Each structure stands twice: as C-alpha cells, then as structure tokens.
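Coordinates as given in model.cif (mmCIF, C-alpha atoms and all ligand atoms):
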data_data
loop_
_atom_site.label_atom_id
_atom_site.label_comp_id
_atom_site.auth_asym_id
_atom_site.auth_seq_id
_atom_site.Cartn_x
_atom_site.Cartn_y
_atom_site.Cartn_z
CA MET O 579 -15.89 -15.77 -27.30
CA PRO O 580 -19.05 -13.64 -26.79
CA SER O 581 -18.83 -10.35 -28.69
CA SER O 582 -19.68 -8.42 -25.51
CA SER O 583 -16.49 -9.51 -23.76
CA ARG O 584 -13.75 -6.95 -23.17
CA THR O 585 -10.41 -8.39 -24.24
CA ALA O 586 -6.78 -7.31 -24.32
CA ALA O 587 -3.40 -8.95 -24.85
CA LEU O 588 -0.01 -7.64 -23.67
CA ARG O 589 3.23 -8.87 -25.15
CA GLY O 590 6.56 -8.34 -23.42
CA ARG O 591 8.98 -9.70 -20.87
CA PHE O 592 7.16 -10.30 -17.61
CA VAL O 593 8.06 -11.35 -14.07
CA THR O 594 5.82 -12.87 -11.44
CA PHE O 595 6.16 -14.78 -8.18
CA THR O 596 5.65 -18.49 -7.64
CA GLY O 597 6.97 -18.54 -4.06
CA ASN O 598 8.15 -16.50 -1.08
CA PRO O 599 11.73 -15.24 -1.60
CA PHE O 600 12.20 -14.89 2.18
CA THR O 601 11.83 -18.64 2.64
CA MET O 602 13.64 -19.96 -0.45
CA PRO O 603 16.51 -18.83 -2.64
CA PRO O 604 15.09 -15.58 -4.09
CA GLU O 605 15.70 -16.59 -7.73
CA ASP O 606 13.61 -19.76 -7.19
CA ALA O 607 10.61 -17.66 -6.17
CA LEU O 608 10.52 -15.60 -9.38
CA HIS O 609 9.27 -16.68 -12.79
CA VAL O 610 10.66 -14.75 -15.74
CA GLU O 611 8.99 -14.99 -19.14
CA GLU O 612 11.45 -13.44 -21.60
CA ASP O 613 8.93 -12.95 -24.41
CA GLY O 614 5.54 -13.35 -22.83
CA LEU O 615 1.90 -12.90 -23.71
CA ILE O 616 -0.78 -12.03 -21.17
CA LEU O 617 -4.36 -12.61 -22.33
CA ILE O 618 -7.10 -10.66 -20.56
CA GLU O 619 -10.86 -10.94 -20.65
CA ASN O 620 -13.29 -8.75 -18.71
CA GLY O 621 -10.57 -7.51 -16.39
CA LYS O 622 -9.07 -10.91 -15.58
CA ILE O 623 -6.04 -12.73 -16.87
CA THR O 624 -7.22 -15.82 -18.73
CA GLN O 625 -3.88 -17.16 -19.90
CA CYS O 626 -0.25 -16.13 -19.77
CA GLY O 627 3.01 -17.66 -20.90
CA ALA O 628 5.38 -17.71 -23.83
CA TYR O 629 4.34 -15.51 -26.76
CA ASP O 630 5.13 -18.28 -29.24
CA ALA O 631 2.82 -20.71 -27.46
CA LEU O 632 -0.12 -18.32 -27.12
CA ARG O 633 0.08 -16.02 -30.16
CA ALA O 634 -2.40 -18.08 -32.19
CA GLN O 635 -5.14 -17.26 -29.68
CA VAL O 636 -5.13 -13.55 -30.41
CA PRO O 637 -6.45 -12.04 -33.65
CA GLU O 638 -4.06 -10.04 -35.82
CA GLY O 639 -3.62 -6.52 -34.44
CA GLY O 640 -5.05 -7.41 -31.03
CA ILE O 641 -1.78 -7.27 -29.14
CA THR O 642 -0.28 -4.33 -27.26
CA HIS O 643 3.46 -4.84 -27.55
CA TYR O 644 5.92 -3.53 -24.95
CA PRO O 645 9.37 -4.27 -26.35
CA ASP O 646 12.43 -3.61 -24.14
CA SER O 647 10.20 -3.40 -21.06
CA LEU O 648 9.48 -5.36 -17.94
CA ILE O 649 5.88 -6.12 -17.01
CA SER O 650 5.05 -6.74 -13.35
CA ALA O 651 1.87 -7.11 -11.35
CA GLY O 652 0.72 -3.63 -10.30
CA PHE O 653 2.34 -2.35 -7.13
CA ILE O 654 0.51 -2.41 -3.81
CA ASP O 655 0.91 0.43 -1.31
CA THR O 656 -0.19 -0.81 2.12
CA HIS O 657 -0.24 2.56 3.91
CA VAL O 658 -0.98 6.00 2.50
CA HIS O 659 -3.04 9.13 3.31
CA TYR O 660 -4.70 10.72 0.27
CA PRO O 661 -5.67 13.97 2.09
CA GLN O 662 -2.01 14.63 2.85
CA LEU O 663 -1.11 15.14 -0.79
CA PRO O 664 -1.07 18.94 -0.28
CA VAL O 665 1.38 18.76 2.66
CA ILE O 666 3.99 16.34 1.31
CA ALA O 667 7.49 17.78 1.87
CA SER O 668 6.64 20.02 4.85
CA TRP O 669 9.71 21.02 6.82
CA GLY O 670 11.16 20.46 10.20
CA LYS O 671 8.93 18.51 12.61
CA GLN O 672 8.62 15.07 14.12
CA LEU O 673 5.37 13.12 14.17
CA LEU O 674 3.16 14.78 16.79
CA GLU O 675 4.07 18.38 15.92
CA TRP O 676 3.97 17.58 12.20
CA LEU O 677 0.39 16.36 12.61
CA GLN O 678 -0.61 19.53 14.50
CA GLN O 679 1.16 22.00 12.28
CA TYR O 680 0.64 20.61 8.79
CA VAL O 681 -1.72 17.64 8.65
CA PHE O 682 -4.71 18.62 10.75
CA PRO O 683 -5.26 22.04 9.11
CA THR O 684 -5.22 20.39 5.68
CA GLU O 685 -7.45 17.48 6.66
CA ALA O 686 -10.05 20.02 7.89
CA LYS O 687 -10.57 21.13 4.28
CA PHE O 688 -12.02 17.75 3.36
CA SER O 689 -15.44 18.69 4.70
CA SER O 690 -15.83 20.08 1.17
CA PRO O 691 -16.83 17.31 -1.26
CA GLU O 692 -15.45 19.36 -4.17
CA PHE O 693 -12.04 19.75 -2.53
CA ALA O 694 -12.03 16.07 -1.58
CA GLN O 695 -12.88 15.04 -5.13
CA ALA O 696 -10.12 17.19 -6.65
CA ILE O 697 -7.46 15.81 -4.30
CA ALA O 698 -8.73 12.21 -4.63
CA ARG O 699 -8.48 12.52 -8.40
CA ALA O 700 -4.95 13.96 -8.28
CA PHE O 701 -3.90 11.33 -5.75
CA LEU O 702 -5.17 8.40 -7.82
CA GLN O 703 -3.46 9.78 -10.93
CA GLU O 704 -0.23 9.95 -8.95
CA LEU O 705 -0.62 6.31 -7.85
CA LEU O 706 -1.14 5.20 -11.45
CA ARG O 707 1.78 7.28 -12.71
CA ASN O 708 3.87 5.24 -10.29
CA GLY O 709 2.50 1.84 -11.27
CA THR O 710 0.48 1.43 -8.07
CA THR O 711 -2.88 -0.23 -8.66
CA THR O 712 -4.00 -1.03 -5.10
CA ALA O 713 -3.51 0.97 -1.91
CA ALA O 714 -4.74 0.96 1.69
CA VAL O 715 -5.80 4.57 2.04
CA TYR O 716 -6.69 6.80 4.98
CA CYS O 717 -9.36 9.40 4.21
CA THR O 718 -10.31 12.04 6.81
CA VAL O 719 -12.90 12.12 9.57
CA HIS O 720 -15.45 13.44 7.04
CA PRO O 721 -17.60 10.76 5.36
CA GLU O 722 -17.58 13.01 2.27
CA SER O 723 -13.86 12.36 1.91
CA VAL O 724 -14.50 8.62 1.68
CA THR O 725 -17.34 8.97 -0.79
CA ALA O 726 -15.18 11.19 -3.02
CA PHE O 727 -12.30 8.74 -2.90
CA PHE O 728 -14.31 5.63 -3.73
CA GLN O 729 -16.22 7.45 -6.48
CA GLU O 730 -12.97 8.40 -8.18
CA SER O 731 -11.50 4.91 -7.73
CA GLU O 732 -14.64 3.36 -9.16
CA LYS O 733 -14.32 5.50 -12.29
CA LEU O 734 -10.81 4.16 -12.84
CA GLY O 735 -11.67 0.56 -12.01
CA THR O 736 -8.93 0.32 -9.40
CA ARG O 737 -9.08 -2.02 -6.41
CA MET O 738 -8.71 0.23 -3.38
CA ILE O 739 -9.03 -0.22 0.36
CA ALA O 740 -10.06 2.94 2.23
CA GLY O 741 -11.93 4.24 5.24
CA LYS O 742 -13.07 7.19 7.31
CA VAL O 743 -10.61 8.24 9.99
CA LEU O 744 -12.00 7.90 13.53
CA MET O 745 -10.83 10.58 16.02
CA ASP O 746 -12.75 11.53 19.15
CA ARG O 747 -9.99 13.13 21.23
CA ASN O 748 -6.64 14.95 21.03
CA ALA O 749 -7.54 16.49 17.70
CA PRO O 750 -8.97 19.89 16.70
CA ASP O 751 -12.74 20.44 17.15
CA ASN O 752 -13.36 20.43 13.42
CA LEU O 753 -11.74 17.01 13.03
CA ARG O 754 -13.38 15.13 15.90
CA ASP O 755 -16.29 12.75 15.75
CA THR O 756 -17.72 10.82 18.71
CA ALA O 757 -17.60 7.09 19.30
CA GLN O 758 -21.26 6.75 18.28
CA GLN O 759 -21.02 9.10 15.29
CA GLY O 760 -17.86 7.38 14.06
CA PHE O 761 -19.56 4.01 14.38
CA ASP O 762 -22.72 5.10 12.55
CA GLU O 763 -20.88 6.89 9.75
CA SER O 764 -18.47 4.00 9.22
CA GLN O 765 -21.33 1.51 9.16
CA LYS O 766 -23.12 3.48 6.48
CA LEU O 767 -19.99 3.74 4.38
CA ILE O 768 -19.39 -0.01 4.75
CA GLU O 769 -22.92 -0.70 3.52
CA THR O 770 -22.41 1.57 0.52
CA TRP O 771 -18.87 0.76 -0.49
CA HIS O 772 -17.52 -2.52 0.88
CA ASN O 773 -17.27 -4.99 -2.02
CA LYS O 774 -19.00 -2.51 -4.35
CA GLY O 775 -17.17 -3.47 -7.54
CA ARG O 776 -13.50 -3.49 -6.56
CA GLN O 777 -13.77 -1.19 -3.54
CA LEU O 778 -13.01 -2.49 -0.03
CA TYR O 779 -13.55 -0.83 3.33
CA ALA O 780 -11.06 -0.42 6.19
CA ILE O 781 -12.15 0.62 9.68
CA THR O 782 -9.67 3.44 10.35
CA PRO O 783 -9.06 4.58 13.93
CA ARG O 784 -6.13 6.99 13.36
CA PHE O 785 -4.13 5.79 16.39
CA ALA O 786 -4.50 5.18 20.10
CA ILE O 787 -3.82 8.85 20.93
CA THR O 788 -6.81 10.19 19.01
CA SER O 789 -9.41 7.59 20.00
CA THR O 790 -10.96 7.02 23.42
CA PRO O 791 -11.23 3.44 24.66
CA GLU O 792 -14.95 3.65 23.76
CA GLN O 793 -14.14 4.56 20.16
CA LEU O 794 -11.60 1.75 19.87
CA GLU O 795 -14.26 -0.66 21.19
CA CYS O 796 -16.69 0.59 18.53
CA ALA O 797 -14.00 0.14 15.87
CA GLY O 798 -13.47 -3.44 17.10
CA ALA O 799 -17.21 -4.14 16.91
CA LEU O 800 -17.30 -2.84 13.33
CA PHE O 801 -14.20 -4.86 12.38
CA HIS O 802 -15.96 -8.02 13.53
CA SER O 803 -19.32 -7.13 11.99
CA ARG O 804 -18.29 -8.88 8.75
CA ASP O 805 -15.58 -11.42 8.06
CA ASP O 806 -13.77 -9.61 5.23
CA LEU O 807 -13.39 -6.03 6.44
CA PHE O 808 -10.00 -4.39 6.85
CA MET O 809 -8.72 -2.34 9.79
CA GLN O 810 -5.86 0.14 9.57
CA THR O 811 -4.13 2.23 12.21
CA HIS O 812 -0.67 3.38 13.34
CA LEU O 813 1.56 1.52 15.79
CA ALA O 814 4.81 2.33 17.61
CA GLU O 815 6.10 4.89 15.11
CA ASN O 816 7.70 7.51 17.34
CA GLU O 817 9.06 7.58 20.89
CA ASP O 818 6.99 10.58 22.06
CA GLU O 819 3.89 8.96 20.61
CA ILE O 820 4.60 5.73 22.48
CA ALA O 821 5.15 7.61 25.77
CA PHE O 822 1.82 9.44 25.30
CA VAL O 823 0.00 6.16 24.62
CA LYS O 824 1.44 4.76 27.88
CA THR O 825 -0.06 7.66 29.85
CA LEU O 826 -3.44 7.24 28.12
CA PHE O 827 -3.61 3.47 28.61
CA PRO O 828 -1.54 2.72 31.75
CA GLU O 829 -3.34 -0.58 32.30
CA ARG O 830 -2.30 -2.03 28.94
CA SER O 831 0.83 -4.18 28.68
CA SER O 832 1.97 -2.70 25.35
CA TYR O 833 0.91 -0.38 22.54
CA LEU O 834 -0.25 -3.41 20.53
CA ASP O 835 -2.21 -4.61 23.58
CA VAL O 836 -4.27 -1.37 23.44
CA TYR O 837 -5.53 -2.45 20.02
CA ASP O 838 -5.77 -6.13 20.92
CA LYS O 839 -8.04 -5.50 23.92
CA ALA O 840 -10.35 -3.54 21.60
CA GLY O 841 -10.57 -6.45 19.15
CA LEU O 842 -8.49 -4.72 16.49
CA VAL O 843 -5.72 -7.28 16.01
CA GLY O 844 -6.21 -10.11 13.53
CA PRO O 845 -6.19 -11.00 9.84
CA ARG O 846 -6.73 -7.91 7.61
CA ALA O 847 -5.57 -5.55 10.37
CA ILE O 848 -2.80 -3.33 8.95
CA PHE O 849 -0.49 -1.53 11.37
CA GLY O 850 1.53 1.34 9.94
CA HIS O 851 5.23 1.67 10.92
CA ALA O 852 5.72 -0.69 13.91
CA ILE O 853 9.27 0.56 14.35
CA HIS O 854 9.72 0.31 18.10
CA MET O 855 8.68 -3.30 18.59
CA HIS O 856 9.68 -5.93 21.14
CA GLU O 857 10.04 -9.61 20.38
CA HIS O 858 6.71 -10.35 22.09
CA ASP O 859 5.02 -7.80 19.79
CA PHE O 860 6.33 -9.54 16.68
CA GLN O 861 5.28 -12.88 18.17
CA GLN O 862 1.77 -11.53 18.76
CA CYS O 863 1.60 -10.24 15.17
CA HIS O 864 2.67 -13.64 13.91
CA ASP O 865 0.14 -15.46 16.10
CA THR O 866 -2.72 -13.20 15.04
CA HIS O 867 -1.89 -12.99 11.30
CA CYS O 868 -2.04 -9.21 11.20
CA THR O 869 0.09 -7.11 8.85
CA LEU O 870 2.76 -4.46 9.30
CA ALA O 871 3.19 -1.67 6.74
CA HIS O 872 6.84 -0.69 6.43
CA CYS O 873 7.13 2.94 5.34
CA PRO O 874 10.86 3.70 4.97
CA THR O 875 10.71 7.13 3.29
CA SER O 876 8.31 8.39 5.95
CA ASN O 877 10.39 6.97 8.80
CA LEU O 878 13.49 8.68 7.46
CA PHE O 879 11.69 11.95 6.74
CA LEU O 880 10.14 12.28 10.23
CA GLY O 881 13.21 10.80 11.94
CA SER O 882 11.00 8.12 13.47
CA GLY O 883 13.49 5.24 13.43
CA ALA O 884 14.46 2.18 11.42
CA PHE O 885 12.00 -0.71 10.95
CA ARG O 886 13.62 -4.10 11.63
CA LEU O 887 12.39 -5.85 8.51
CA PHE O 888 14.41 -9.03 8.92
CA ASP O 889 13.32 -9.39 12.54
CA ALA O 890 9.72 -8.99 11.42
CA VAL O 891 9.91 -11.65 8.70
CA ASP O 892 12.12 -14.05 10.70
CA PRO O 893 11.11 -17.47 9.30
CA ARG O 894 10.81 -18.86 12.86
CA ARG O 895 7.74 -16.66 13.41
CA PRO O 896 7.20 -14.63 10.23
CA VAL O 897 5.00 -11.55 10.38
CA ASN O 898 3.15 -10.33 7.27
CA VAL O 899 4.81 -7.19 5.93
CA GLY O 900 3.94 -4.86 3.07
CA LEU O 901 5.52 -1.62 1.91
CA GLY O 902 3.83 1.74 2.35
CA THR O 903 4.62 5.18 0.97
CA ASP O 904 2.81 6.94 3.84
CA ILE O 905 2.31 10.12 1.82
CA GLY O 906 2.39 12.94 3.18
CA ALA O 907 5.12 11.94 5.68
CA GLY O 908 6.58 9.74 2.98
CA THR O 909 8.49 11.53 0.27
CA SER O 910 7.69 9.46 -2.81
CA PHE O 911 4.66 7.79 -4.37
CA SER O 912 7.00 5.36 -6.07
CA LEU O 913 7.13 1.81 -4.73
CA LEU O 914 10.42 1.52 -6.64
CA SER O 915 11.91 4.34 -4.55
CA THR O 916 10.29 2.87 -1.45
CA MET O 917 11.99 -0.49 -2.13
CA GLY O 918 15.30 1.35 -2.57
CA GLU O 919 14.91 3.08 0.80
CA ALA O 920 13.81 -0.19 2.45
CA TYR O 921 17.13 -1.69 1.32
CA LYS O 922 19.07 1.11 3.03
CA VAL O 923 16.94 1.02 6.18
CA SER O 924 17.37 -2.75 6.63
CA LEU O 925 21.10 -2.32 6.33
CA MET O 926 20.99 0.42 8.96
CA ALA O 927 18.60 -1.41 11.30
CA GLY O 928 20.18 -4.85 11.28
CA LYS O 929 23.03 -4.95 8.80
CA GLN O 930 20.95 -7.16 6.56
CA ARG O 931 20.63 -6.80 2.82
CA LEU O 932 17.22 -6.79 1.23
CA HIS O 933 17.45 -8.75 -2.02
CA ALA O 934 15.86 -7.06 -5.04
CA ILE O 935 13.58 -10.05 -5.61
CA GLN O 936 12.46 -9.86 -1.96
CA ALA O 937 11.77 -6.15 -2.37
CA PHE O 938 9.62 -6.66 -5.47
CA TRP O 939 7.77 -9.46 -3.66
CA LEU O 940 6.99 -7.11 -0.76
CA ALA O 941 5.52 -4.62 -3.25
CA THR O 942 3.40 -7.18 -5.14
CA ALA O 943 2.72 -10.83 -4.24
CA GLY O 944 3.82 -10.48 -0.61
CA ALA O 945 1.59 -7.48 -0.03
CA ALA O 946 -1.33 -9.29 -1.65
CA GLN O 947 -0.79 -12.24 0.71
CA ALA O 948 -0.46 -9.92 3.69
CA LEU O 949 -3.80 -8.35 2.76
CA HIS O 950 -5.46 -11.74 2.11
CA LEU O 951 -6.07 -10.63 -1.47
CA ASP O 952 -3.63 -13.02 -3.14
CA ASP O 953 -6.45 -14.82 -4.94
CA LYS O 954 -7.15 -11.55 -6.76
CA ILE O 955 -4.04 -9.38 -7.12
CA GLY O 956 -0.26 -9.39 -6.80
CA THR O 957 0.72 -11.98 -9.42
CA ILE O 958 0.39 -12.55 -13.16
CA ALA O 959 -1.49 -15.83 -13.51
CA PRO O 960 -4.77 -17.13 -14.95
CA GLY O 961 -7.75 -16.03 -12.85
CA MET O 962 -5.98 -13.01 -11.38
CA GLU O 963 -7.28 -9.48 -11.87
CA ALA O 964 -5.43 -7.72 -14.68
CA ASP O 965 -3.59 -4.99 -12.75
CA LEU O 966 -0.18 -4.53 -14.34
CA CYS O 967 2.63 -2.08 -14.51
CA VAL O 968 5.01 -1.79 -17.44
CA LEU O 969 8.50 -0.69 -16.46
CA ASP O 970 11.06 0.92 -18.76
CA PRO O 971 14.62 -0.10 -17.82
CA ALA O 972 16.01 2.74 -19.92
CA ALA O 973 13.77 5.54 -18.70
CA THR O 974 16.61 8.00 -18.10
CA PRO O 975 20.09 8.28 -19.62
CA LEU O 976 21.60 6.98 -16.40
CA LEU O 977 19.19 4.02 -16.19
CA ALA O 978 19.84 3.21 -19.85
CA LEU O 979 23.58 3.23 -19.28
CA ARG O 980 23.43 1.21 -16.07
CA THR O 981 20.84 -1.38 -17.08
CA LYS O 982 22.82 -2.17 -20.24
CA GLU O 983 25.41 -3.64 -17.86
CA CYS O 984 22.92 -5.92 -16.08
CA THR O 985 23.65 -9.61 -16.38
CA SER O 986 20.77 -11.03 -14.35
CA MET O 987 17.15 -10.26 -13.50
CA ALA O 988 18.13 -9.67 -9.85
CA ASP O 989 20.67 -7.10 -11.00
CA LEU O 990 18.10 -5.35 -13.22
CA LEU O 991 15.50 -5.27 -10.45
CA PHE O 992 18.05 -3.87 -8.02
CA VAL O 993 18.98 -1.07 -10.41
CA LEU O 994 15.30 -0.28 -10.95
CA MET O 995 14.60 -0.05 -7.21
CA THR O 996 17.73 2.02 -6.59
CA LEU O 997 17.49 4.48 -9.49
CA GLY O 998 13.91 4.12 -10.70
CA ASP O 999 10.82 6.14 -9.88
CA ASP O 1000 7.74 7.44 -11.69
CA ARG O 1001 9.81 8.02 -14.81
CA SER O 1002 10.36 4.26 -15.03
CA VAL O 1003 6.66 3.53 -15.44
CA LYS O 1004 5.72 3.36 -19.11
CA ALA O 1005 2.13 2.25 -18.60
CA THR O 1006 -0.26 1.04 -15.93
CA TRP O 1007 -3.21 -1.26 -16.47
CA ALA O 1008 -6.09 -1.73 -14.03
CA ASP O 1009 -9.02 -4.08 -14.46
CA GLY O 1010 -7.68 -4.99 -17.89
CA ARG O 1011 -7.62 -1.40 -19.19
CA PRO O 1012 -4.71 0.98 -19.80
CA VAL O 1013 -5.29 3.64 -17.15
CA TYR O 1014 -1.97 5.45 -17.51
CA VAL O 1015 0.34 5.85 -20.48
CA ARG O 1016 3.54 7.82 -20.00
CA PRO O 1017 3.72 10.75 -22.41
CA GLU O 1018 6.42 10.41 -25.03
CA THR O 1019 9.35 12.73 -24.50
CA ALA O 1020 11.31 14.25 -27.36
N1 LIG O 1101 0.17 8.71 13.28
C1 LIG O 1101 -1.11 9.15 13.39
N2 LIG O 1101 -1.50 9.81 12.29
C2 LIG O 1101 -0.47 9.75 11.44
C3 LIG O 1101 -0.28 10.24 10.11
O1 LIG O 1101 -1.15 10.87 9.50
N3 LIG O 1101 0.93 10.00 9.55
C4 LIG O 1101 1.92 9.30 10.20
N4 LIG O 1101 3.07 9.09 9.59
N5 LIG O 1101 1.75 8.85 11.44
C5 LIG O 1101 0.58 9.06 12.05
ZN ZN O 1102 0.27 7.03 8.19
#
Can you present the structure in this file as structure tokens?
Ligand code: GUN
Ligand code: ZN
Amino acid sequence: MPSSSRTAALRGRFVTFTGNPFTMPPEDALHVEEDGLILIENGKITQCGAYDALRAQVPEGGITHYPDSLISAGFIDTHVHYPQLPVIASWGKQLLEWLQQYVFPTEAKFSSPEFAQAIARAFLQELLRNGTTTAAVYCTVHPESVTAFFQESEKLGTRMIAGKVLMDRNAPDNLRDTAQQGFDESQKLIETWHNKGRQLYAITPRFAITSTPEQLECAGALFHSRDDLFMQTHLAENEDEIAFVKTLFPERSSYLDVYDKAGLVGPRAIFGHAIHMHEHDFQQCHDTHCTLAHCPTSNLFLGSGAFRLFDAVDPRRPVNVGLGTDIGAGTSFSLLSTMGEAYKVSLMAGKQRLHAIQAFWLATAGAAQALHLDDKIGTIAPGMEADLCVLDPAATPLLALRTKECTSMADLLFVLMTLGDDRSVKATWADGRPVYVRPETA
C-alpha cells in the first residue's frame, strides 16, 4: 500500500441494501453484518465484511471501533433549501403566503457572500449532525449563494447537489433574474462546479409560478447541455399553487406538462412534493425516469396534503422516490424523523404501512438509485464512496429502554425512525474522514 494513501477502518455492526424492499420481502433486501469491518482507502470502501475475516488486513491500532452501534450508509436528503435555515419554524401560513412573508425576505440577504457563507457552514454542520452526507440543495437567485455553498461543501469533502434558483416573475424585485441572466449565471456555475471534486450541479427553476415560459425553456436547454446534470423544482404541492399554475399555463394539460414541454422531465429531474398527482402523472414520471422527493414534515407543517407513497412506488409502474426534509418548511433535519413522519403520512394517505426497512432504503440506497448515483453512494460495498453514519440505539434513556426490547433488525430500525433524531447520530463520515463526532455527555 503506497504510504501516501489515506486509510481508515471502522468496526461495528453495519446494515446495507442488496435489493429493493418494495419489490421483495423487506428482510431479503437488507444485509446485516453483526460484527463488521469496513476498510477505506482514499475515500472509498475497498473491502467490507465480517471483522474476523478482515481483521488481519489492518495494522494494530488502525481500527475505529463503534461497539453497541449501527453503521449505515450516510443519509441522502433529496430536497432542502439551505437559505431557509433562518426561517425554520415560522408560524401560521400556507405555501404561497409563507414564501412571501418569511422566505423571500430572508433569501434576499444572500446577496452578501459573507452571510451566505455563514449560513452554508451552519447548514452543512446541521446535515452532518444528522448523519446526512448528500443533499439536493436549493440556493438563492444570487450566484454568490451557490459559490458559498459549494466552497463550504468542498472543505468538508461532502458530495452535494446544488444550484442557483431561477425566478423571473412573481417574486420581489431583489430576487428576480431574467431568462438570459439566469441562463448565463447558471452556465458559469456549471462550468465552475459541476463534477468539481464531489460537487454536482442542479438547474433550479423554483417552480412554474416564478418562471416565465422563456425561463423554463432556458432551464430545459441547460438541463440538456450535458448528460449528467440534475434539475430540481417543485410540483403539485398546494391547491392554491396548482390553481395559479393553471391560470399561468392554460394551454398545458397538467402541472407536470408545464415542465415536460420545457424539456425538464427526465432522468436526474427531482420534483419536490408531488402531493396532488393523478394516475397519468405517476405514469409519466415512471415513463420518464424522473424522481419525486417526498417531504412529509414540510407537508404536515404547511398543511399541504399527504403524499401517496404507495401509489407512487406501485410495482406495476414504479416511480423513483426519495425523502426530503425541505427545510425551512420542513421541521427537522433528521432523516430518521423524516422516515417516522413518512410512516404516519402513508397511513393517513392510503392506509398503508411503511416498513422500517423500506424507510431506510428510501433514505439511502433508494435515494441513490433515484438520483442515478448508486454507483457512488447509498450502500456499504467495495468501490463505494465512504459516506457513513454511525447510529446509537441507546442515545436517550427512552431509546435505551425501548431498543433493549428489540428482537429483530426491523424492530430496531422502526424504533430508531420513530424515536430517533440528531441525538441518535454518534458520528458521521464523509469521503472516508470523520466529519462529525457527537460530543460526549456526562
Ligand atoms: N414552492 C416554491 N418554493 C418553495 C419553497 O421554498 N418551499 C416549499 N416548500 N415549496 C416551494
Ligand atoms: Zn422546497
């Protein structure tokens, strides 16, 4: 092994996915290594398996041991707004008024690179404290907000997807670009940041209300300018929003059709929310291989509605789905809490029970597949990037008491997603380095 290589080894119980728990018995899709060893070199997993089988490969003292823990691939948040960190938990409005009253005034502050950098830094720390190692992130209309975000992500070595918000109408003066300006600024940011190290770019028209047809066309042209760019926007979140979109695009057959006609629907297109969907919309999503980001805490907080998860993933025409926190409308950075709320929302929406193994898949391997990044992230296997989160099943007195009763991995995972949150994350690794270690409490 060359002396310049950067190595690490983690010992502990780990779980990872070998299949899709929505299309097979959930337990068959999960691999559990009771006493495992994960060997890492230069940010990638080289080998993983039973500790006893691999221990000879690591020099004495070279192992970080996590006893009584559960190691998972790092969580993936498929929809989140970093500039909304300062307005999380703002009272009393539904989507369109909430944007006007709380979000837009805050987003205007991101013309300042210093402010953007401070919030980007705090936001990324919050992701890591929650075991999230990849996220699809909205910045603001200011290119400076994107630069600040990617710079901070690069320092941490995290794999992030992000982009400049495009808005050329129905937004305050200080938050509007034009179709041409949005195109030019996005193009420059793509040239600087897309595939720079672990950073990835997403064309980011906010939603159909705040972009003219010309701007959506420009976004479509950018999306197709390379074959591995992402696109993210919002879709069918709120009834007033949907009615407004109908008046703005009367010639379109559906909300999704507005985006489709602009060339914005296809692989690596991520649509936030997608609550008020018809069967033909799901069929179109299936046919085009795009992805829906299910954001249960946000949908509950804004009273937007209940996403029909089991309709979306119906094996007869499955649609790619990931989970999103949607901070600042979402109320938690924790993908554990988000899984717990997704369970309740699927019960409410269709009387169907989300299995814990399915929920963890949505937050890891399933999200990676949905984002076409499953050759890089989302599982613990040789060749994968070493993004890991170490969970503590006894993080609180209640968790300790309850998890002692667990008799199966599914049971343990369900307790973690129901009662767990940032306190359950003992450590987070990104690119083969420990980037967060929970402080010891007395
Ligand atoms: N629709 C358009 N913009 C936003 C946003 O910032 N948050 C949410 N939840 N929905 C949106
Ligand atoms: Zn959003």
Can you pull out every residue within 9 Å of Gln678 (chain O), counting all atoms listed in the file, but drop anything in the same chain fewer than 4 positions away, and send it as JSON, numbers by chain? {"O": [673, 674, 682, 683, 749, 750]}
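Taking all atoms listed in the file into account, the residues that come within 6 Å of ligand LIG 1101 (chain O) are Arg784, Phe785, His812 and Ala907 of chain O.
Residue nearest ligand ZN 1102 (chain O) within the list O:Gly760, O:Pro661, O:Gly597, O:Gly798: O:Pro661 [criterion: smallest interatomic distance, all atoms listed in the file].
Between Asp806 (chain O) and the residues O:Ile616, O:Leu925, O:Ile781, O:Ala890, the shortest atom-to-atom distance, using only C-alpha atoms, involves O:Ile781.
Using all atoms listed in the file, the nearest neighbour of ligand ZN 1102 (chain O) within the list O:Val836, O:Leu744, O:Ala667, O:Val658 is O:Val658.
Identified as lying at most 8 Å from ligand ZN 1102 (chain O) when counting only C-alpha atoms and all ligand atoms are the residues His657, Val658, His659, Tyr716, Thr811, His812, Gly850, His851, Asp904, Ile905 and Ala907 of chain O.
Closest to Thr684 (chain O) among O:Gly906, O:Thr594, O:Phe728, O:Glu857 is O:Gly906, based on only C-alpha atoms.
Using only C-alpha atoms, the protein and nucleic acid residues lying no more than 12 Å from Phe600 (chain O), apart from those fewer than 6 places from it along its own chain, are Asp606, Ala607, Leu608, Leu887, Phe888, Asp889, Ala890, Val891, Asp892, Pro893, Arg894, Pro896, Val897, Asn898, Val899, Arg931, Leu932, His933, Ala934, Ile935, Gln936, Ala937, Phe938, Trp939, Leu940 and Gly944 of chain O.
By chain and then residue number, the residues within 7 Å of Thr916 (chain O) are Pro874, Thr875 and Thr903 of chain O, counting all atoms listed in the file and disregarding those fewer than 6 positions away in sequence.
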For region 866-868 of chain O, find every residue with an atom within 9 Å (counting all atoms listed in the file), except residues of its own chain fewer than 3 positions away, and show them as a compact mmCIF listing (two decimals) with C-alpha atoms, in the frame of the given file.
# COMPACT_ATOMS: atom_id res chain seq x y z
CA VAL O 843 -5.72 -7.28 16.01
CA GLY O 844 -6.21 -10.11 13.53
CA PRO O 845 -6.19 -11.00 9.84
CA ARG O 846 -6.73 -7.91 7.61
CA ALA O 847 -5.57 -5.55 10.37
CA ILE O 848 -2.80 -3.33 8.95
CA PHE O 849 -0.49 -1.53 11.37
CA GLN O 861 5.28 -12.88 18.17
CA GLN O 862 1.77 -11.53 18.76
CA CYS O 863 1.60 -10.24 15.17
CA VAL O 897 5.00 -11.55 10.38
CA ASN O 898 3.15 -10.33 7.27
CA VAL O 899 4.81 -7.19 5.93
CA ALA O 948 -0.46 -9.92 3.69
CA LEU O 949 -3.80 -8.35 2.76
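Straight-line separation from CA of Thr942 (chain O) to CA of Ala959 (chain O): 13.0 Å.
Checking O:Gln703, O:Thr711, O:Ser910, O:Ser731 one by one against Ile654 (chain O), counting all atoms listed in the file, you find the shortest gap at O:Thr711.
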Quick one: everything within 7 Å of Gln695 (chain O), counting all atoms listed in the file, minus sequence neighbours fewer than 4 positions away in the same chain. Send it as a short mmCIF file (atom, residue, chain, number, x, y, z; two decimals) with C-alpha atoms, in the frame of the given file.
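Okay, around-v7.cif is ready:
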data_model
loop_
_atom_site.label_atom_id
_atom_site.label_comp_id
_atom_site.auth_asym_id
_atom_site.auth_seq_id
_atom_site.Cartn_x
_atom_site.Cartn_y
_atom_site.Cartn_z
CA PRO O 691 -16.83 17.31 -1.26
CA ARG O 699 -8.48 12.52 -8.40
CA ALA O 726 -15.18 11.19 -3.02
CA PHE O 727 -12.30 8.74 -2.90
#
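Minimum distance to Val1013 (chain O) across O:Leu977, O:Leu706, O:Leu997, O:Val823 (counting all atoms listed in the file) occurs at O:Leu706.
A straight line drawn from CA of Gly741 (chain O) to CA of Leu901 (chain O) is 18.7 Å long.
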